[in-house]
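Student: The structure file upload-v9.tsv (TSV, C-alpha atoms) is provided below.
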chain	number	residue	atom	x	y	z
A	1	MET	CA	77.33	43.16	16.40
A	2	SER	CA	76.16	39.74	17.60
A	3	ARG	CA	78.52	37.75	19.76
A	4	THR	CA	80.18	34.60	18.43
A	5	ALA	CA	81.44	33.72	21.92
A	6	ALA	CA	80.11	34.23	25.45
A	7	ASP	CA	80.50	32.98	28.99
A	8	VAL	CA	77.13	31.24	28.79
A	9	VAL	CA	74.49	30.50	26.15
A	10	ILE	CA	70.91	30.12	27.39
A	11	ILE	CA	68.42	28.36	25.12
A	12	GLY	CA	64.85	29.52	25.66
A	13	ALA	CA	63.58	32.98	26.67
A	14	GLY	CA	60.62	32.19	28.87
A	15	ILE	CA	60.62	33.64	32.36
A	16	HIS	CA	63.18	31.01	33.39
A	17	GLY	CA	65.60	31.75	30.58
A	18	CYS	CA	65.19	35.51	30.99
A	19	SER	CA	65.64	35.30	34.75
A	20	THR	CA	68.75	33.15	34.41
A	21	ALA	CA	70.16	35.54	31.81
A	22	LEU	CA	69.50	38.51	34.09
A	23	HIS	CA	71.13	36.89	37.11
A	24	CYS	CA	74.13	35.72	35.07
A	25	ALA	CA	74.59	39.29	33.83
A	26	LEU	CA	74.37	40.56	37.41
A	27	ARG	CA	77.28	38.25	38.17
A	28	GLY	CA	79.30	39.85	35.38
A	29	MET	CA	78.99	37.09	32.80
A	30	SER	CA	78.57	37.68	29.08
A	31	VAL	CA	75.33	36.02	27.95
A	32	VAL	CA	73.70	35.04	24.68
A	33	LEU	CA	69.98	34.27	25.08
A	34	LEU	CA	68.36	32.41	22.17
A	35	GLU	CA	64.62	32.10	21.52
A	36	LYS	CA	63.02	30.46	18.48
A	37	ASP	CA	59.87	32.61	18.78
A	38	HIS	CA	59.64	35.69	21.00
A	39	ALA	CA	60.21	35.89	24.73
A	40	GLY	CA	57.22	34.53	26.64
A	41	ARG	CA	55.56	33.08	23.53
A	42	HIS	CA	54.55	29.82	25.17
A	43	ALA	CA	54.25	28.73	28.82
A	44	SER	CA	55.57	31.95	30.36
A	45	GLY	CA	53.17	34.25	28.58
A	46	VAL	CA	49.94	32.25	28.74
A	47	ASN	CA	49.73	30.70	32.22
A	48	ALA	CA	47.40	31.71	35.07
A	49	GLY	CA	50.04	33.82	36.80
A	50	GLY	CA	49.83	32.08	40.15
A	51	VAL	CA	52.64	33.05	42.53
A	52	ARG	CA	52.23	30.25	45.05
A	53	GLN	CA	54.21	28.32	47.60
A	54	LEU	CA	50.98	26.52	48.46
A	55	ALA	CA	50.51	22.81	47.69
A	56	ARG	CA	53.95	22.20	46.23
A	57	HIS	CA	55.88	18.95	46.30
A	58	VAL	CA	58.37	18.95	49.17
A	59	ALA	CA	61.27	18.77	46.69
A	60	GLU	CA	60.22	22.13	45.21
A	61	ILE	CA	59.53	24.03	48.42
A	62	PRO	CA	63.07	25.37	49.09
A	63	LEU	CA	63.28	26.77	45.54
A	64	SER	CA	59.75	28.18	45.88
A	65	LEU	CA	60.57	29.93	49.16
A	66	HIS	CA	63.75	31.35	47.64
A	67	SER	CA	61.77	32.63	44.67
A	68	MET	CA	59.05	34.18	46.81
A	69	ALA	CA	61.64	36.34	48.54
A	70	ILE	CA	62.55	37.73	45.11
A	71	TRP	CA	58.90	38.26	44.12
A	72	ARG	CA	58.46	40.46	47.18
A	73	ARG	CA	61.11	42.84	45.85
A	74	VAL	CA	60.64	42.19	42.15
A	75	ALA	CA	60.15	45.88	41.29
A	76	ASP	CA	63.60	46.65	42.69
A	77	LEU	CA	65.08	43.89	40.56
A	78	VAL	CA	63.44	44.52	37.17
A	79	ASP	CA	62.03	48.09	37.50
A	80	ASP	CA	58.46	46.76	37.17
A	81	ASP	CA	56.16	45.24	39.81
A	82	CYS	CA	54.99	42.71	37.16
A	83	GLY	CA	51.42	43.15	38.38
A	84	PHE	CA	52.35	41.20	41.51
A	85	VAL	CA	49.75	41.25	44.29
A	86	SER	CA	49.94	39.28	47.52
A	87	ASP	CA	46.38	38.53	48.63
A	88	GLY	CA	47.04	34.90	49.51
A	89	GLN	CA	46.12	31.60	47.93
A	90	ILE	CA	43.63	29.10	49.33
A	91	LEU	CA	43.45	25.37	48.67
A	92	VAL	CA	39.77	24.61	49.24
A	93	ALA	CA	38.58	21.26	50.61
A	94	GLU	CA	35.22	20.21	49.22
A	95	THR	CA	34.79	17.28	51.64
A	96	GLU	CA	35.81	16.35	55.18
A	97	GLU	CA	38.02	13.62	53.70
A	98	GLU	CA	39.95	16.20	51.66
A	99	LEU	CA	40.25	18.43	54.70
A	100	ALA	CA	41.71	15.58	56.76
A	101	ALA	CA	44.27	14.81	54.02
A	102	TYR	CA	45.30	18.48	53.88
A	103	ARG	CA	45.67	18.57	57.67
A	104	LYS	CA	48.00	15.57	57.53
A	105	ARG	CA	50.11	17.34	54.89
A	106	VAL	CA	50.36	20.58	56.88
A	107	GLU	CA	51.40	18.64	59.98
A	108	ASP	CA	54.10	16.90	57.94
A	109	LEU	CA	55.36	20.23	56.60
A	110	ARG	CA	55.57	21.60	60.14
A	111	LEU	CA	57.79	18.65	61.12
A	112	ARG	CA	60.05	19.52	58.17
A	113	GLY	CA	60.30	23.14	59.29
A	114	PHE	CA	57.96	24.70	56.71
A	115	THR	CA	55.32	27.04	58.15
A	116	HIS	CA	53.85	28.80	55.10
A	117	GLU	CA	50.75	26.54	54.91
A	118	GLU	CA	48.02	27.08	57.52
A	119	MET	CA	44.82	25.11	58.10
A	120	ILE	CA	41.58	27.12	58.14
A	121	ASP	CA	38.04	26.10	59.07
A	122	GLY	CA	34.86	26.92	57.20
A	123	ASP	CA	34.34	30.23	58.99
A	124	GLU	CA	37.82	31.52	58.11
A	125	LEU	CA	37.43	30.21	54.56
A	126	ARG	CA	34.29	32.25	54.09
A	127	ARG	CA	35.85	35.28	55.77
A	128	LEU	CA	38.62	35.18	53.17
A	129	ALA	CA	36.33	34.17	50.29
A	130	PRO	CA	32.73	35.09	51.24
A	131	ALA	CA	31.25	33.94	47.94
A	132	ILE	CA	32.40	30.34	48.23
A	133	ALA	CA	29.80	27.61	48.61
A	134	GLU	CA	28.63	26.87	52.18
A	135	SER	CA	29.26	23.17	51.62
A	136	CYS	CA	33.07	23.57	51.75
A	137	PRO	CA	34.33	22.68	55.26
A	138	GLY	CA	37.66	24.54	55.15
A	139	GLY	CA	41.05	24.38	53.50
A	140	VAL	CA	44.65	25.54	53.58
A	141	VAL	CA	45.90	29.10	53.12
A	142	SER	CA	49.32	30.48	52.26
A	143	ARG	CA	48.82	34.11	53.18
A	144	GLN	CA	51.91	35.53	51.46
A	145	ASP	CA	51.10	33.98	48.08
A	146	GLY	CA	49.41	35.83	45.24
A	147	ALA	CA	49.52	36.36	41.50
A	148	ALA	CA	51.25	38.38	38.80
A	149	ILE	CA	50.78	39.04	35.08
A	150	PRO	CA	52.84	36.42	33.21
A	151	PHE	CA	53.61	38.18	29.92
A	152	ARG	CA	54.33	41.47	31.66
A	153	ALA	CA	56.68	39.72	34.10
A	154	THR	CA	58.55	37.87	31.38
A	155	GLN	CA	58.98	41.06	29.38
A	156	ALA	CA	60.24	42.89	32.47
A	157	PHE	CA	62.90	40.25	33.11
A	158	LYS	CA	63.81	40.34	29.40
A	159	ARG	CA	64.15	44.13	29.31
A	160	LYS	CA	66.27	44.24	32.44
A	161	ALA	CA	68.53	41.46	31.14
A	162	VAL	CA	69.04	43.28	27.83
A	163	SER	CA	69.76	46.54	29.68
A	164	LEU	CA	72.58	44.72	31.48
A	165	GLY	CA	74.16	43.61	28.21
A	166	VAL	CA	72.50	40.26	27.51
A	167	ASP	CA	72.59	39.51	23.77
A	168	LEU	CA	68.98	38.41	23.17
A	169	ARG	CA	68.20	36.88	19.78
A	170	GLU	CA	64.52	36.25	19.16
A	171	GLY	CA	63.34	34.29	16.16
A	172	VAL	CA	66.57	32.26	16.15
A	173	ARG	CA	66.25	28.49	16.34
A	174	VAL	CA	69.00	26.29	17.78
A	175	THR	CA	69.85	23.59	15.24
A	176	GLY	CA	72.46	21.73	17.26
A	177	VAL	CA	74.56	21.70	20.41
A	178	ARG	CA	77.87	19.85	20.58
A	179	ALA	CA	80.87	19.60	22.83
A	180	ASP	CA	84.20	20.70	21.39
A	181	GLY	CA	86.99	20.11	23.84
A	182	GLY	CA	86.29	22.14	26.94
A	183	ARG	CA	83.65	24.31	25.31
A	184	TRP	CA	80.18	24.10	23.77
A	185	VAL	CA	79.25	25.03	20.21
A	186	VAL	CA	75.62	26.12	19.78
A	187	GLU	CA	74.60	26.08	16.12
A	188	THR	CA	71.96	28.43	14.68
A	189	PRO	CA	71.01	29.48	11.12
A	190	ASP	CA	72.79	32.78	11.87
A	191	GLY	CA	76.03	31.07	12.84
A	192	ALA	CA	77.54	29.34	15.84
A	193	ILE	CA	78.12	30.67	19.35
A	194	VAL	CA	80.90	29.19	21.47
A	195	ALA	CA	80.72	29.13	25.27
A	196	PRO	CA	82.03	27.08	28.19
A	197	LYS	CA	78.50	26.90	29.69
A	198	VAL	CA	75.08	26.16	28.19
A	199	VAL	CA	71.69	26.28	29.94
A	200	ASN	CA	68.87	24.21	28.43
A	201	ALA	CA	65.74	26.23	29.28
A	202	ALA	CA	63.87	25.37	26.09
A	203	GLY	CA	60.55	24.45	27.69
A	204	ALA	CA	58.51	21.87	25.79
A	205	TRP	CA	61.41	21.46	23.35
A	206	ALA	CA	64.10	20.96	26.02
A	207	GLY	CA	63.61	17.21	26.23
A	208	ARG	CA	64.76	16.81	22.65
A	209	LEU	CA	67.94	18.72	23.37
A	210	ALA	CA	68.60	16.67	26.49
A	211	GLU	CA	68.06	13.44	24.54
A	212	SER	CA	70.39	14.58	21.75
A	213	LEU	CA	73.08	14.97	24.39
A	214	GLY	CA	72.54	11.52	25.84
A	215	GLU	CA	70.20	12.41	28.70
A	216	PRO	CA	66.68	11.29	27.72
A	217	VAL	CA	63.94	12.02	30.26
A	218	PRO	CA	60.17	11.26	30.38
A	219	VAL	CA	58.78	14.61	29.27
A	220	GLU	CA	55.73	15.48	27.16
A	221	ALA	CA	54.30	18.64	25.65
A	222	ILE	CA	50.98	19.65	27.20
A	223	ALA	CA	48.53	22.51	26.63
A	224	PRO	CA	46.92	23.81	29.86
A	225	MET	CA	43.78	25.79	29.09
A	226	LEU	CA	42.52	29.06	30.56
A	227	MET	CA	39.33	31.12	30.29
A	228	ILE	CA	38.59	34.71	31.24
A	229	THR	CA	35.19	36.27	31.91
A	230	GLY	CA	33.67	39.66	31.43
A	231	ARG	CA	33.65	42.01	34.39
A	232	VAL	CA	31.90	40.93	37.58
A	233	GLU	CA	31.44	42.99	40.74
A	234	PRO	CA	34.51	42.46	42.97
A	235	PHE	CA	33.87	39.55	45.34
A	236	ILE	CA	37.16	37.77	46.02
A	237	ARG	CA	40.82	38.74	46.51
A	238	PRO	CA	42.77	35.52	47.21
A	239	VAL	CA	43.47	32.99	44.48
A	240	VAL	CA	41.41	29.83	45.01
A	241	ILE	CA	42.58	26.39	43.90
A	242	LEU	CA	41.05	22.92	44.04
A	243	ARG	CA	42.86	19.60	43.79
A	244	GLY	CA	39.99	17.09	43.62
A	245	ARG	CA	38.34	18.92	40.75
A	246	LYS	CA	40.89	20.92	38.80
A	247	LEU	CA	40.46	24.64	39.32
A	248	SER	CA	42.48	27.82	39.68
A	249	PHE	CA	40.35	30.92	40.16
A	250	LYS	CA	41.47	34.57	40.32
A	251	GLN	CA	39.60	37.86	40.07
A	252	PHE	CA	41.54	40.85	38.76
A	253	ALA	CA	41.14	44.43	39.97
A	254	ASN	CA	39.07	45.28	36.86
A	255	GLY	CA	36.50	42.60	37.78
A	256	THR	CA	37.41	39.99	35.17
A	257	VAL	CA	37.90	36.43	36.44
A	258	LEU	CA	40.59	34.03	35.22
A	259	ILE	CA	39.64	30.34	35.32
A	260	GLY	CA	42.27	27.65	34.96
A	261	GLY	CA	43.46	24.70	36.95
A	262	GLY	CA	45.06	22.18	34.67
A	263	HIS	CA	42.48	20.90	32.17
A	264	LEU	CA	44.45	20.20	29.02
A	265	GLY	CA	43.90	20.96	25.35
A	266	ARG	CA	46.03	19.41	22.63
A	267	ALA	CA	49.61	20.48	22.02
A	268	PHE	CA	51.33	20.30	18.62
A	269	PRO	CA	54.89	21.43	19.36
A	270	ASP	CA	56.16	20.66	15.87
A	271	GLU	CA	53.52	23.04	14.50
A	272	ASN	CA	53.88	25.59	17.33
A	273	ARG	CA	50.18	25.54	18.08
A	274	THR	CA	47.48	24.24	20.42
A	275	GLU	CA	43.81	23.23	20.16
A	276	LEU	CA	41.20	23.74	22.88
A	277	ASP	CA	39.08	20.92	24.32
A	278	TRP	CA	35.69	22.54	24.74
A	279	ALA	CA	34.23	19.65	26.76
A	280	LYS	CA	36.94	20.06	29.40
A	281	LEU	CA	36.46	23.83	29.43
A	282	ALA	CA	32.79	23.14	30.14
A	283	GLN	CA	33.88	21.03	33.14
A	284	SER	CA	35.83	24.01	34.48
A	285	ALA	CA	32.81	26.27	33.97
A	286	ARG	CA	30.60	23.75	35.81
A	287	THR	CA	33.01	23.65	38.75
A	288	VAL	CA	32.91	27.45	39.00
A	289	TRP	CA	29.09	27.38	38.71
A	290	GLU	CA	28.87	25.02	41.70
A	291	LEU	CA	31.58	26.57	43.87
A	292	PHE	CA	30.77	30.26	43.28
A	293	PRO	CA	27.03	30.87	42.77
A	294	ILE	CA	27.79	34.57	42.21
A	295	MET	CA	29.45	33.59	38.92
A	296	ARG	CA	26.37	32.00	37.35
A	297	SER	CA	25.55	35.08	35.29
A	298	ALA	CA	29.15	35.68	34.15
A	299	THR	CA	30.12	35.51	30.47
A	300	ILE	CA	33.20	33.74	29.14
A	301	VAL	CA	34.87	36.08	26.65
A	302	ARG	CA	38.04	34.21	25.68
A	303	ALA	CA	39.83	30.89	26.10
A	304	TRP	CA	43.36	29.86	25.18
A	305	ALA	CA	46.15	27.37	25.77
A	306	GLY	CA	49.95	27.46	25.70
A	307	ILE	CA	52.54	24.74	25.19
A	308	GLU	CA	54.33	23.57	28.34
A	309	ALA	CA	56.60	20.67	29.29
A	310	ARG	CA	55.39	18.13	31.84
A	311	MET	CA	57.61	15.56	33.49
A	312	SER	CA	56.32	12.10	34.41
A	313	ASP	CA	56.66	12.98	38.12
A	314	ASP	CA	55.44	16.59	37.73
A	315	LEU	CA	58.75	17.95	39.01
A	316	PRO	CA	61.16	20.06	36.95
A	317	VAL	CA	64.58	18.98	35.74
A	318	PHE	CA	66.82	21.54	37.38
A	319	GLY	CA	70.57	21.54	37.89
A	320	PRO	CA	73.81	20.42	36.25
A	321	SER	CA	73.91	17.70	33.62
A	322	ALA	CA	74.74	14.24	34.93
A	323	ARG	CA	77.00	13.58	31.93
A	324	HIS	CA	78.57	16.79	30.68
A	325	ASP	CA	80.60	19.54	32.32
A	326	GLY	CA	79.25	22.99	31.56
A	327	LEU	CA	75.73	21.83	30.63
A	328	PHE	CA	72.76	22.73	32.83
A	329	HIS	CA	69.06	21.85	32.60
A	330	GLN	CA	66.14	24.10	33.58
A	331	PHE	CA	62.89	22.74	32.14
A	332	GLY	CA	59.83	20.55	32.73
A	333	PHE	CA	58.10	22.80	35.24
A	334	SER	CA	54.86	20.91	34.58
A	335	ALA	CA	52.40	23.85	34.54
A	336	HIS	CA	53.52	25.29	37.89
A	337	GLY	CA	56.84	26.97	37.05
A	338	PHE	CA	55.88	30.65	36.80
A	339	GLN	CA	56.37	31.41	40.50
A	340	LEU	CA	59.71	29.59	40.46
A	341	GLY	CA	61.16	31.69	37.61
A	342	PRO	CA	62.84	34.50	39.57
A	343	GLY	CA	64.39	32.18	42.14
A	344	ALA	CA	65.31	29.48	39.67
A	345	GLY	CA	67.17	32.06	37.58
A	346	ALA	CA	69.13	33.23	40.60
A	347	VAL	CA	70.03	29.68	41.65
A	348	MET	CA	70.93	28.62	38.12
A	349	ALA	CA	73.22	31.64	37.74
A	350	GLU	CA	74.87	30.64	41.01
A	351	LEU	CA	75.36	27.09	39.70
A	352	VAL	CA	76.78	28.34	36.40
A	353	ALA	CA	79.13	30.77	38.14
A	354	THR	CA	80.27	28.70	41.13
A	355	GLY	CA	79.20	25.09	40.55
A	356	SER	CA	77.18	24.92	43.75
A	357	THR	CA	74.22	26.39	45.63
A	358	ASN	CA	72.94	26.36	49.19
A	359	VAL	CA	69.32	25.99	47.98
A	360	PRO	CA	68.41	22.28	48.20
A	361	ILE	CA	67.70	20.98	44.68
A	362	ASP	CA	68.70	17.32	44.96
A	363	GLY	CA	65.17	16.07	44.29
A	364	LEU	CA	65.04	18.06	41.03
A	365	ARG	CA	68.26	16.90	39.38
A	366	ILE	CA	68.22	14.93	36.13
A	367	GLN	CA	69.96	12.01	37.86
A	368	ARG	CA	66.62	10.86	39.28
A	369	PHE	CA	65.71	9.45	35.87
A	370	GLN	CA	68.87	7.41	35.45
A	371	ALA	CA	68.27	3.70	35.97
Just dump the structure as structure tokens.
Tutor:
Amino acid sequence: MSRTAADVVIIGAGIHGCSTALHCALRGMSVVLLEKDHAGRHASGVNAGGVRQLARHVAEIPLSLHSMAIWRRVADLVDDDCGFVSDGQILVAETEEELAAYRKRVEDLRLRGFTHEEMIDGDELRRLAPAIAESCPGGVVSRQDGAAIPFRATQAFKRKAVSLGVDLREGVRVTGVRADGGRWVVETPDGAIVAPKVVNAAGAWAGRLAESLGEPVPVEAIAPMLMITGRVEPFIRPVVILRGRKLSFKQFANGTVLIGGGHLGRAFPDENRTELDWAKLAQSARTVWELFPIMRSATIVRAWAGIEARMSDDLPVFGPSARHDGLFHQFGFSAHGFQLGPGAGAVMAELVATGSTNVPIDGLRIQRFQA
């Protein structure tokens, strides 16, 4: 029988909601996890699967490092390795000017105590990625980074959470959230659930919930696009990313190559759908053509896009509400939240259970948008 009361209600069953539910259950809390579609339907199931600490905003790095420690033992946590491989990620510089900017960043990170990013010259770049164009002078590597399979990972976190007693309700839309004394009432077509704590992990729809509770933030729904090719002879193991020209590039063990990087289609969140922008996909294909000559005979077999939430500053809203006791926000991961999911769930569960965390999250709190 479905619960009508719980210790915490979590809205949204992407990898963040599922991870938070799992970690709350591990702390002995009763949890109701609500999802209007199915777990991993949007951002968590359709992203590129990058598991990277590389090239993150300084405000995100502590959470990213915390999450990477969980990725390294993810099979012990959720009884599935989630397809996680750790072959490194490389941020490639296409010009000497880019390389100089990256060097300045790495030096700054060293001064802050972060050592996961390492400068590499052209020789080391081509040792790690032999097929890359000779014109690239070097880059930055994070050797412990890698990739996983997004839908598989989300389902693994979901299954483990359910096995620990989480009451997951898929296909159930939240129609309202209101405070009632010292508790929250979460309304659904199937009835209300009452809880002292609520976590807003509703992805591209989370901004509406925050606004309805008096905490509007600058968030928009976006549709990052991805392509995958037919099989190509194995030629690269690390994930390669570009910043000047948008690209994320990963070859799987079966030879297929995933091409992403941030080019956007069109998102229609009210209709639960996306549309591809074929001209921008062609730009991605051209970038691959120029950077990896070995790919010039490859065939694109499929392209897709998912709906994600992007904040105006590209940083997530993460932490307690600035206005309401018992309300927590966990959304707006701006197309780079997959790697953060395991760690964010653990930290959010800690916040829900204890009200505090030792992981620095001050730069991610919703208060930054209050004027």
Student: Within 12 Å of (52.0, 22.2, 20.9) (coordinates as in the file), grab all the protein and nucleic acid residues, counting all atoms listed in the file, and write them out as a list in words.
Tutor: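 Residues satisfying the cut-off, written out: Arg41, His42, Ala43, Gly203, Ala204, Trp205, Glu220, Ala221, Ile222, Ala223, Pro224, Leu264, Gly265, Arg266, Ala267, Phe268, Pro269, Asp270, Glu271, Asn272, Arg273, Thr274, Glu275, Leu276, Ala305, Gly306, Ile307, Glu308 and Ala309 of chain A.
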Student: Residues of the last selection are to be written out with C-alpha atoms, as a PDB file, in the coordinates of the input.
Tutor:
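So the final result, stored in part-v2.pdb, reads:
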ATOM      1  CA  ARG A  41      55.560  33.080  23.530  1.00  0.00           C
ATOM      2  CA  HIS A  42      54.550  29.820  25.170  1.00  0.00           C
ATOM      3  CA  ALA A  43      54.250  28.730  28.820  1.00  0.00           C
ATOM      4  CA  GLY A 203      60.550  24.450  27.690  1.00  0.00           C
ATOM      5  CA  ALA A 204      58.510  21.870  25.790  1.00  0.00           C
ATOM      6  CA  TRP A 205      61.410  21.460  23.350  1.00  0.00           C
ATOM      7  CA  GLU A 220      55.730  15.480  27.160  1.00  0.00           C
ATOM      8  CA  ALA A 221      54.300  18.640  25.650  1.00  0.00           C
ATOM      9  CA  ILE A 222      50.980  19.650  27.200  1.00  0.00           C
ATOM     10  CA  ALA A 223      48.530  22.510  26.630  1.00  0.00           C
ATOM     11  CA  PRO A 224      46.920  23.810  29.860  1.00  0.00           C
ATOM     12  CA  LEU A 264      44.450  20.200  29.020  1.00  0.00           C
ATOM     13  CA  GLY A 265      43.900  20.960  25.350  1.00  0.00           C
ATOM     14  CA  ARG A 266      46.030  19.410  22.630  1.00  0.00           C
ATOM     15  CA  ALA A 267      49.610  20.480  22.020  1.00  0.00           C
ATOM     16  CA  PHE A 268      51.330  20.300  18.620  1.00  0.00           C
ATOM     17  CA  PRO A 269      54.890  21.430  19.360  1.00  0.00           C
ATOM     18  CA  ASP A 270      56.160  20.660  15.870  1.00  0.00           C
ATOM     19  CA  GLU A 271      53.520  23.040  14.500  1.00  0.00           C
ATOM     20  CA  ASN A 272      53.880  25.590  17.330  1.00  0.00           C
ATOM     21  CA  ARG A 273      50.180  25.540  18.080  1.00  0.00           C
ATOM     22  CA  THR A 274      47.480  24.240  20.420  1.00  0.00           C
ATOM     23  CA  GLU A 275      43.810  23.230  20.160  1.00  0.00           C
ATOM     24  CA  LEU A 276      41.200  23.740  22.880  1.00  0.00           C
ATOM     25  CA  ALA A 305      46.150  27.370  25.770  1.00  0.00           C
ATOM     26  CA  GLY A 306      49.950  27.460  25.700  1.00  0.00           C
ATOM     27  CA  ILE A 307      52.540  24.740  25.190  1.00  0.00           C
ATOM     28  CA  GLU A 308      54.330  23.570  28.340  1.00  0.00           C
ATOM     29  CA  ALA A 309      56.600  20.670  29.290  1.00  0.00           C
TER      30      ALA A 309
END
Student: Out of A:Ala6, A:Val347, A:Leu226, A:Ile90, which residue has the shortest atom-to-atom distance to Leu125 in chain A when counting only C-alpha atoms?
Tutor: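 Nearest to Leu125 in chain A: A:Ile90.
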Student: What is the CA of Pro320 in chain A to CA of Met348 in chain A distance in Å?
Tutor: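 It comes out at 8.9 Å.
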Student: Would you please work out which residue, of A:Ser19, A:Ser163, A:Thr95, A:Gln144, is nearest to Arg52 in chain A when using only C-alpha atoms?
Tutor: A:Gln144
Student: Return the single residue from A:Val8, A:Leu291, A:Ala192, A:Val162 that is closest to Glu134 in chain A, with distances computed using all atoms listed in the file.
Tutor: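 Using all atoms listed in the file, the shortest distance to Glu134 in chain A belongs to A:Leu291.
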Student: Rounded to one decimal, what separation in Å do you get between CA of Arg183 in chain A and CA of Ala195 in chain A?
Tutor: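 Separation between CA of Arg183 in chain A and CA of Ala195 in chain A: 5.6 Å.
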Student: How many Å lie between CA of Glu96 in chain A and CA of Val240 in chain A, rounded to one decimal?
Tutor: 17.8 Å
Student: Extract, using only C-alpha atoms, all DNA, RNA and protein residues at most 10 Å from range 24-34 of chain A, discarding same-chain residues fewer than 2 positions from it, and format them as a PyMOL selection string.
Tutor: chain A and resi 2-13+17-22+36-39+158+160-174+186+188+193-195+197-199+201-202+345-353
Student: Go through A:Val78, A:Leu315, A:Met68, A:Met227 and flag the residue nearest Trp278 in chain A, using all atoms listed in the file for the distances.
Tutor: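 Once distances to Trp278 in chain A are computed over all atoms listed in the file, the minimum belongs to A:Met227.
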Student: Taking into account only C-alpha atoms, which residue in the set A:Cys82, A:Val92, A:Ile70, A:Leu111 is nearest to Gln155 in chain A?
Tutor: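 With only C-alpha atoms as the atom set, the closest residue is A:Cys82.
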